[in-house]
Amino acid sequence: MFKKTLLTLITLALVISIWTPFSSEASAETYSIHSQELEALVTLTILQNEQATKELDELEMKMGEYIENLPFTEKEFENMSETEQNKVIDQYFNNEEFLALENRMKQLDSKSNQSEITTQALPVFFIPIAMTVGRVALMAIRSKGARTALKYLKNRIKGFGKNYKIRWDVRNDKGQLRSLVVVLHKGKKKTTRVFAVDNGKIPLIPKTSTWYWHFHVAPKDKIHHALRVSVPKKYKASPGETILH
């Protein structure tokens with residue numbers, strides 16, 4: 001995401017260096033100005049990206065602590081009635097404090113995923129919302145259980161229109177919970193997955209058969225997004241396949 005922006009700037013620098021003529025003093029001076037401006041732009045972009053990454057890390061920590069400190073346990077939530085569960089979600093996930101954190105995370109995700117947003121046939125709001133909601137769902141699963149996360153997801157994910165299909169509480173033939181939610185886009189030729197919160201194996205180094213909760217977001221829906229805190233430190237993310245937040 002951030003690397004793409006930097007790569008674009010570096011590519012631009014190479015293009016300028018190749019095509020700028022050196023046959024005269026004026027052209028050499030112009031090249032020098034372009035190089036200085038580009039260097040300043042690259043430096044500024046790096047600083048902005050580092051700041052955004054730092055802020056995202058801090059937001060994830062704040063949201064994780066907020067959810068962990070909510071005054072109910074996984075078992076207590078499961079024993080609540082449907083009405084009580086909905087009230088709890090509304091009280092703790094729709095209040096001003098949490099919504100402010102969530103909205104700021106969406107803003108940062110929107111900036112960092114701008115290239116994907118503008119090149120995909122998805123609503124412009126979809127990717128940043130999915131990235132944020134996915135992370136919050138994993139935090140909720142870790143601290144308050146899958147049932148809490150499912151209720152949160154149902155509160156956030158509404159109908160996207162006739163071209164989308166939403167599946168909830170997906171289980172395999174053995175009855176094991178494999179997905180809390182799967183959002184599918186029905187295209188003219190095929191149906192594609194655009195978002196999912198799954199439970200299963202993820203690509204790690206070294207390899208492991210242990211299941212971890214993770215999520216997927218289009219257009220790079222093959223990438224597994226999981227929480228670093230949920231995966232033992234001896235494992236590292238497999239490049240290009242897994243991102244540990």
# chains A, B, ... in the order shown; residues from 1 in each chain; ligands from 1
$ residues_around --residues "A:Thr210" --least-positions-apart "3" --cutoff "12 Å" --atoms "only C-alpha atoms" --output "PyMOL selection string"
chain A and resi 199-204+206-207+213+230-232+235
$ write_last_selection --atoms "C-alpha atoms" --output "compact mmCIF listing (two decimals), in the first residue's frame"
# COMPACT_ATOMS: atom_id res chain seq x y z
CA ASN A 199 -11.30 -19.52 10.76
CA GLY A 200 -8.61 -21.82 9.40
CA LYS A 201 -4.96 -22.32 8.51
CA ILE A 202 -2.97 -19.30 7.35
CA PRO A 203 0.41 -19.20 5.56
CA LEU A 204 3.11 -18.75 8.21
CA PRO A 206 7.45 -22.06 9.73
CA LYS A 207 4.31 -23.80 8.45
CA TRP A 213 -9.10 -16.30 12.84
CA SER A 230 -3.03 -14.03 18.32
CA VAL A 231 -0.15 -15.77 16.54
CA PRO A 232 2.81 -17.13 18.58
CA TYR A 235 5.81 -17.63 13.51
$ closest_residue --among "A:Pro239, A:Gly175, A:Gly145, A:Gly161" --to "A:Glu74" --atoms "only C-alpha atoms"
A:Gly145
$ closest_residue --among "A:Asn69, A:Asn79, A:Thr192, A:Ser179" --to "A:Asp221" --atoms "only C-alpha atoms"
A:Thr192
$ atom_distance --atom1 "atom CA of A:Asn163" --atom2 "atom CA of A:Asp90"
28.1 Å
$ residues_around --residues "A:Lys162" --least-positions-apart "2" --cutoff "12 Å" --atoms "only C-alpha atoms" --output "ChimeraX atom specification"
/A:158-160,164-166,184-187
$ write_last_selection --atoms "N, CA and C atoms" --output "PDB file, in the first residue's frame"
ATOM      1  N   LYS A 158     -24.363  -4.132   6.256  1.00  0.00           N
ATOM      2  CA  LYS A 158     -25.748  -4.110   5.797  1.00  0.00           C
ATOM      3  C   LYS A 158     -25.766  -4.543   4.331  1.00  0.00           C
ATOM      4  N   GLY A 159     -26.924  -4.536   3.737  1.00  0.00           N
ATOM      5  CA  GLY A 159     -27.011  -4.909   2.333  1.00  0.00           C
ATOM      6  C   GLY A 159     -26.280  -3.920   1.438  1.00  0.00           C
ATOM      7  N   PHE A 160     -25.493  -4.424   0.503  1.00  0.00           N
ATOM      8  CA  PHE A 160     -24.766  -3.570  -0.434  1.00  0.00           C
ATOM      9  C   PHE A 160     -25.511  -3.428  -1.757  1.00  0.00           C
ATOM     10  N   TYR A 164     -24.826  -8.032  -4.447  1.00  0.00           N
ATOM     11  CA  TYR A 164     -24.057  -8.645  -3.368  1.00  0.00           C
ATOM     12  C   TYR A 164     -24.897  -9.666  -2.606  1.00  0.00           C
ATOM     13  N   LYS A 165     -24.222 -10.716  -2.166  1.00  0.00           N
ATOM     14  CA  LYS A 165     -24.864 -11.741  -1.352  1.00  0.00           C
ATOM     15  C   LYS A 165     -24.045 -11.921  -0.080  1.00  0.00           C
ATOM     16  N   ILE A 166     -24.717 -12.001   1.057  1.00  0.00           N
ATOM     17  CA  ILE A 166     -24.024 -12.134   2.341  1.00  0.00           C
ATOM     18  C   ILE A 166     -24.395 -13.468   2.986  1.00  0.00           C
ATOM     19  N   LEU A 184     -20.183 -11.771  -1.029  1.00  0.00           N
ATOM     20  CA  LEU A 184     -19.925 -12.151  -2.414  1.00  0.00           C
ATOM     21  C   LEU A 184     -20.478 -11.102  -3.371  1.00  0.00           C
ATOM     22  N   HIS A 185     -19.707 -10.813  -4.413  1.00  0.00           N
ATOM     23  CA  HIS A 185     -20.169  -9.893  -5.460  1.00  0.00           C
ATOM     24  C   HIS A 185     -20.592 -10.713  -6.671  1.00  0.00           C
ATOM     25  N   LYS A 186     -21.831 -10.536  -7.090  1.00  0.00           N
ATOM     26  CA  LYS A 186     -22.366 -11.293  -8.222  1.00  0.00           C
ATOM     27  C   LYS A 186     -22.137 -10.512  -9.514  1.00  0.00           C
ATOM     28  N   GLY A 187     -21.086 -10.909 -10.251  1.00  0.00           N
ATOM     29  CA  GLY A 187     -20.772 -10.256 -11.513  1.00  0.00           C
ATOM     30  C   GLY A 187     -21.528 -10.885 -12.668  1.00  0.00           C
TER      31      GLY A 187
END
$ atom_distance --atom1 "atom CA of A:Val88" --atom2 "atom CA of A:Thr132"
20.0 Å
$ select_by_dssp --residues "stretch 91-218 of chain A" --states "helix (DSSP H, G or I)" --output "VMD selection string"
chain A and resid 91 to 93 96 to 112 114 to 119 126 to 144 146 to 156
$ residues_around --residues "A:Pro71" --least-positions-apart "6" --cutoff "12 Å" --atoms "only C-alpha atoms" --output "number ranges by chain"
A: 77, 88, 91-92, 143-144
$ closest_residue --among "A:Tyr152, A:Ile127, A:Gly240, A:Ala196" --to "A:Arg167" --atoms "only C-alpha atoms"
A:Ala196
$ decode --residues "stretch 164-199 of chain A" --atoms "N, CA and C atoms" --output "PDB file, in the first residue's frame"
ATOM      1  N   TYR A 164     -24.826  -8.032  -4.447  1.00  0.00           N
ATOM      2  CA  TYR A 164     -24.057  -8.645  -3.368  1.00  0.00           C
ATOM      3  C   TYR A 164     -24.897  -9.666  -2.606  1.00  0.00           C
ATOM      4  N   LYS A 165     -24.222 -10.716  -2.166  1.00  0.00           N
ATOM      5  CA  LYS A 165     -24.864 -11.741  -1.352  1.00  0.00           C
ATOM      6  C   LYS A 165     -24.045 -11.921  -0.080  1.00  0.00           C
ATOM      7  N   ILE A 166     -24.717 -12.001   1.057  1.00  0.00           N
ATOM      8  CA  ILE A 166     -24.024 -12.134   2.341  1.00  0.00           C
ATOM      9  C   ILE A 166     -24.395 -13.468   2.986  1.00  0.00           C
ATOM     10  N   ARG A 167     -23.371 -14.219   3.372  1.00  0.00           N
ATOM     11  CA  ARG A 167     -23.575 -15.486   4.074  1.00  0.00           C
ATOM     12  C   ARG A 167     -23.057 -15.347   5.501  1.00  0.00           C
ATOM     13  N   TRP A 168     -23.855 -15.809   6.449  1.00  0.00           N
ATOM     14  CA  TRP A 168     -23.487 -15.716   7.856  1.00  0.00           C
ATOM     15  C   TRP A 168     -23.280 -17.097   8.461  1.00  0.00           C
ATOM     16  N   ASP A 169     -22.352 -17.166   9.427  1.00  0.00           N
ATOM     17  CA  ASP A 169     -22.172 -18.381  10.228  1.00  0.00           C
ATOM     18  C   ASP A 169     -22.005 -19.620   9.338  1.00  0.00           C
ATOM     19  N   VAL A 170     -20.990 -19.599   8.494  1.00  0.00           N
ATOM     20  CA  VAL A 170     -20.758 -20.683   7.537  1.00  0.00           C
ATOM     21  C   VAL A 170     -19.974 -21.813   8.208  1.00  0.00           C
ATOM     22  N   ARG A 171     -20.483 -23.033   8.077  1.00  0.00           N
ATOM     23  CA  ARG A 171     -19.838 -24.194   8.697  1.00  0.00           C
ATOM     24  C   ARG A 171     -19.523 -25.263   7.653  1.00  0.00           C
ATOM     25  N   ASN A 172     -18.527 -26.096   7.967  1.00  0.00           N
ATOM     26  CA  ASN A 172     -18.173 -27.173   7.046  1.00  0.00           C
ATOM     27  C   ASN A 172     -19.018 -28.413   7.331  1.00  0.00           C
ATOM     28  N   ASP A 173     -18.715 -29.507   6.641  1.00  0.00           N
ATOM     29  CA  ASP A 173     -19.504 -30.735   6.780  1.00  0.00           C
ATOM     30  C   ASP A 173     -19.450 -31.322   8.190  1.00  0.00           C
ATOM     31  N   LYS A 174     -18.393 -30.980   8.929  1.00  0.00           N
ATOM     32  CA  LYS A 174     -18.244 -31.491  10.292  1.00  0.00           C
ATOM     33  C   LYS A 174     -18.894 -30.573  11.327  1.00  0.00           C
ATOM     34  N   GLY A 175     -19.511 -29.505  10.845  1.00  0.00           N
ATOM     35  CA  GLY A 175     -20.162 -28.576  11.757  1.00  0.00           C
ATOM     36  C   GLY A 175     -19.234 -27.542  12.351  1.00  0.00           C
ATOM     37  N   GLN A 176     -17.981 -27.514  11.878  1.00  0.00           N
ATOM     38  CA  GLN A 176     -17.015 -26.550  12.395  1.00  0.00           C
ATOM     39  C   GLN A 176     -17.260 -25.175  11.779  1.00  0.00           C
ATOM     40  N   LEU A 177     -17.192 -24.151  12.612  1.00  0.00           N
ATOM     41  CA  LEU A 177     -17.392 -22.785  12.143  1.00  0.00           C
ATOM     42  C   LEU A 177     -16.187 -22.350  11.314  1.00  0.00           C
ATOM     43  N   ARG A 178     -16.405 -22.088  10.029  1.00  0.00           N
ATOM     44  CA  ARG A 178     -15.319 -21.696   9.133  1.00  0.00           C
ATOM     45  C   ARG A 178     -15.332 -20.215   8.794  1.00  0.00           C
ATOM     46  N   SER A 179     -16.516 -19.594   8.807  1.00  0.00           N
ATOM     47  CA  SER A 179     -16.610 -18.168   8.485  1.00  0.00           C
ATOM     48  C   SER A 179     -17.741 -17.533   9.283  1.00  0.00           C
ATOM     49  N   LEU A 180     -17.453 -16.385   9.883  1.00  0.00           N
ATOM     50  CA  LEU A 180     -18.525 -15.624  10.517  1.00  0.00           C
ATOM     51  C   LEU A 180     -19.368 -14.945   9.454  1.00  0.00           C
ATOM     52  N   VAL A 181     -18.697 -14.460   8.414  1.00  0.00           N
ATOM     53  CA  VAL A 181     -19.404 -13.796   7.320  1.00  0.00           C
ATOM     54  C   VAL A 181     -18.596 -13.930   6.034  1.00  0.00           C
ATOM     55  N   VAL A 182     -19.310 -14.051   4.928  1.00  0.00           N
ATOM     56  CA  VAL A 182     -18.703 -14.037   3.597  1.00  0.00           C
ATOM     57  C   VAL A 182     -19.554 -13.117   2.731  1.00  0.00           C
ATOM     58  N   VAL A 183     -18.922 -12.105   2.145  1.00  0.00           N
ATOM     59  CA  VAL A 183     -19.630 -11.179   1.258  1.00  0.00           C
ATOM     60  C   VAL A 183     -19.207 -11.485  -0.172  1.00  0.00           C
ATOM     61  N   LEU A 184     -20.183 -11.771  -1.029  1.00  0.00           N
ATOM     62  CA  LEU A 184     -19.925 -12.151  -2.414  1.00  0.00           C
ATOM     63  C   LEU A 184     -20.478 -11.102  -3.371  1.00  0.00           C
ATOM     64  N   HIS A 185     -19.707 -10.813  -4.413  1.00  0.00           N
ATOM     65  CA  HIS A 185     -20.169  -9.893  -5.460  1.00  0.00           C
ATOM     66  C   HIS A 185     -20.592 -10.713  -6.671  1.00  0.00           C
ATOM     67  N   LYS A 186     -21.831 -10.536  -7.090  1.00  0.00           N
ATOM     68  CA  LYS A 186     -22.366 -11.293  -8.222  1.00  0.00           C
ATOM     69  C   LYS A 186     -22.137 -10.512  -9.514  1.00  0.00           C
ATOM     70  N   GLY A 187     -21.086 -10.909 -10.251  1.00  0.00           N
ATOM     71  CA  GLY A 187     -20.772 -10.256 -11.513  1.00  0.00           C
ATOM     72  C   GLY A 187     -21.528 -10.885 -12.668  1.00  0.00           C
ATOM     73  N   LYS A 188     -21.280 -10.371 -13.870  1.00  0.00           N
ATOM     74  CA  LYS A 188     -21.969 -10.883 -15.052  1.00  0.00           C
ATOM     75  C   LYS A 188     -21.540 -12.309 -15.388  1.00  0.00           C
ATOM     76  N   LYS A 189     -20.244 -12.601 -15.153  1.00  0.00           N
ATOM     77  CA  LYS A 189     -19.727 -13.910 -15.528  1.00  0.00           C
ATOM     78  C   LYS A 189     -19.465 -14.823 -14.333  1.00  0.00           C
ATOM     79  N   LYS A 190     -19.124 -14.240 -13.193  1.00  0.00           N
ATOM     80  CA  LYS A 190     -18.834 -15.077 -12.029  1.00  0.00           C
ATOM     81  C   LYS A 190     -19.094 -14.319 -10.734  1.00  0.00           C
ATOM     82  N   THR A 191     -19.202 -15.081  -9.667  1.00  0.00           N
ATOM     83  CA  THR A 191     -19.384 -14.514  -8.335  1.00  0.00           C
ATOM     84  C   THR A 191     -18.050 -14.557  -7.606  1.00  0.00           C
ATOM     85  N   THR A 192     -17.632 -13.432  -7.061  1.00  0.00           N
ATOM     86  CA  THR A 192     -16.336 -13.358  -6.397  1.00  0.00           C
ATOM     87  C   THR A 192     -16.486 -12.924  -4.943  1.00  0.00           C
ATOM     88  N   ARG A 193     -15.592 -13.415  -4.119  1.00  0.00           N
ATOM     89  CA  ARG A 193     -15.573 -13.036  -2.706  1.00  0.00           C
ATOM     90  C   ARG A 193     -14.887 -11.681  -2.559  1.00  0.00           C
ATOM     91  N   VAL A 194     -15.519 -10.775  -1.826  1.00  0.00           N
ATOM     92  CA  VAL A 194     -14.915  -9.460  -1.613  1.00  0.00           C
ATOM     93  C   VAL A 194     -14.571  -9.213  -0.145  1.00  0.00           C
ATOM     94  N   PHE A 195     -15.150 -10.010   0.749  1.00  0.00           N
ATOM     95  CA  PHE A 195     -14.822  -9.871   2.172  1.00  0.00           C
ATOM     96  C   PHE A 195     -15.225 -11.139   2.900  1.00  0.00           C
ATOM     97  N   ALA A 196     -14.416 -11.526   3.874  1.00  0.00           N
ATOM     98  CA  ALA A 196     -14.750 -12.697   4.688  1.00  0.00           C
ATOM     99  C   ALA A 196     -13.967 -12.659   5.990  1.00  0.00           C
ATOM    100  N   VAL A 197     -14.594 -13.129   7.049  1.00  0.00           N
ATOM    101  CA  VAL A 197     -13.909 -13.350   8.326  1.00  0.00           C
ATOM    102  C   VAL A 197     -13.909 -14.856   8.536  1.00  0.00           C
ATOM    103  N   ASP A 198     -12.741 -15.462   8.394  1.00  0.00           N
ATOM    104  CA  ASP A 198     -12.614 -16.919   8.356  1.00  0.00           C
ATOM    105  C   ASP A 198     -11.851 -17.480   9.547  1.00  0.00           C
ATOM    106  N   ASN A 199     -12.031 -18.771   9.740  1.00  0.00           N
ATOM    107  CA  ASN A 199     -11.302 -19.520  10.756  1.00  0.00           C
ATOM    108  C   ASN A 199     -10.641 -20.704  10.062  1.00  0.00           C
TER     109      ASN A 199
END
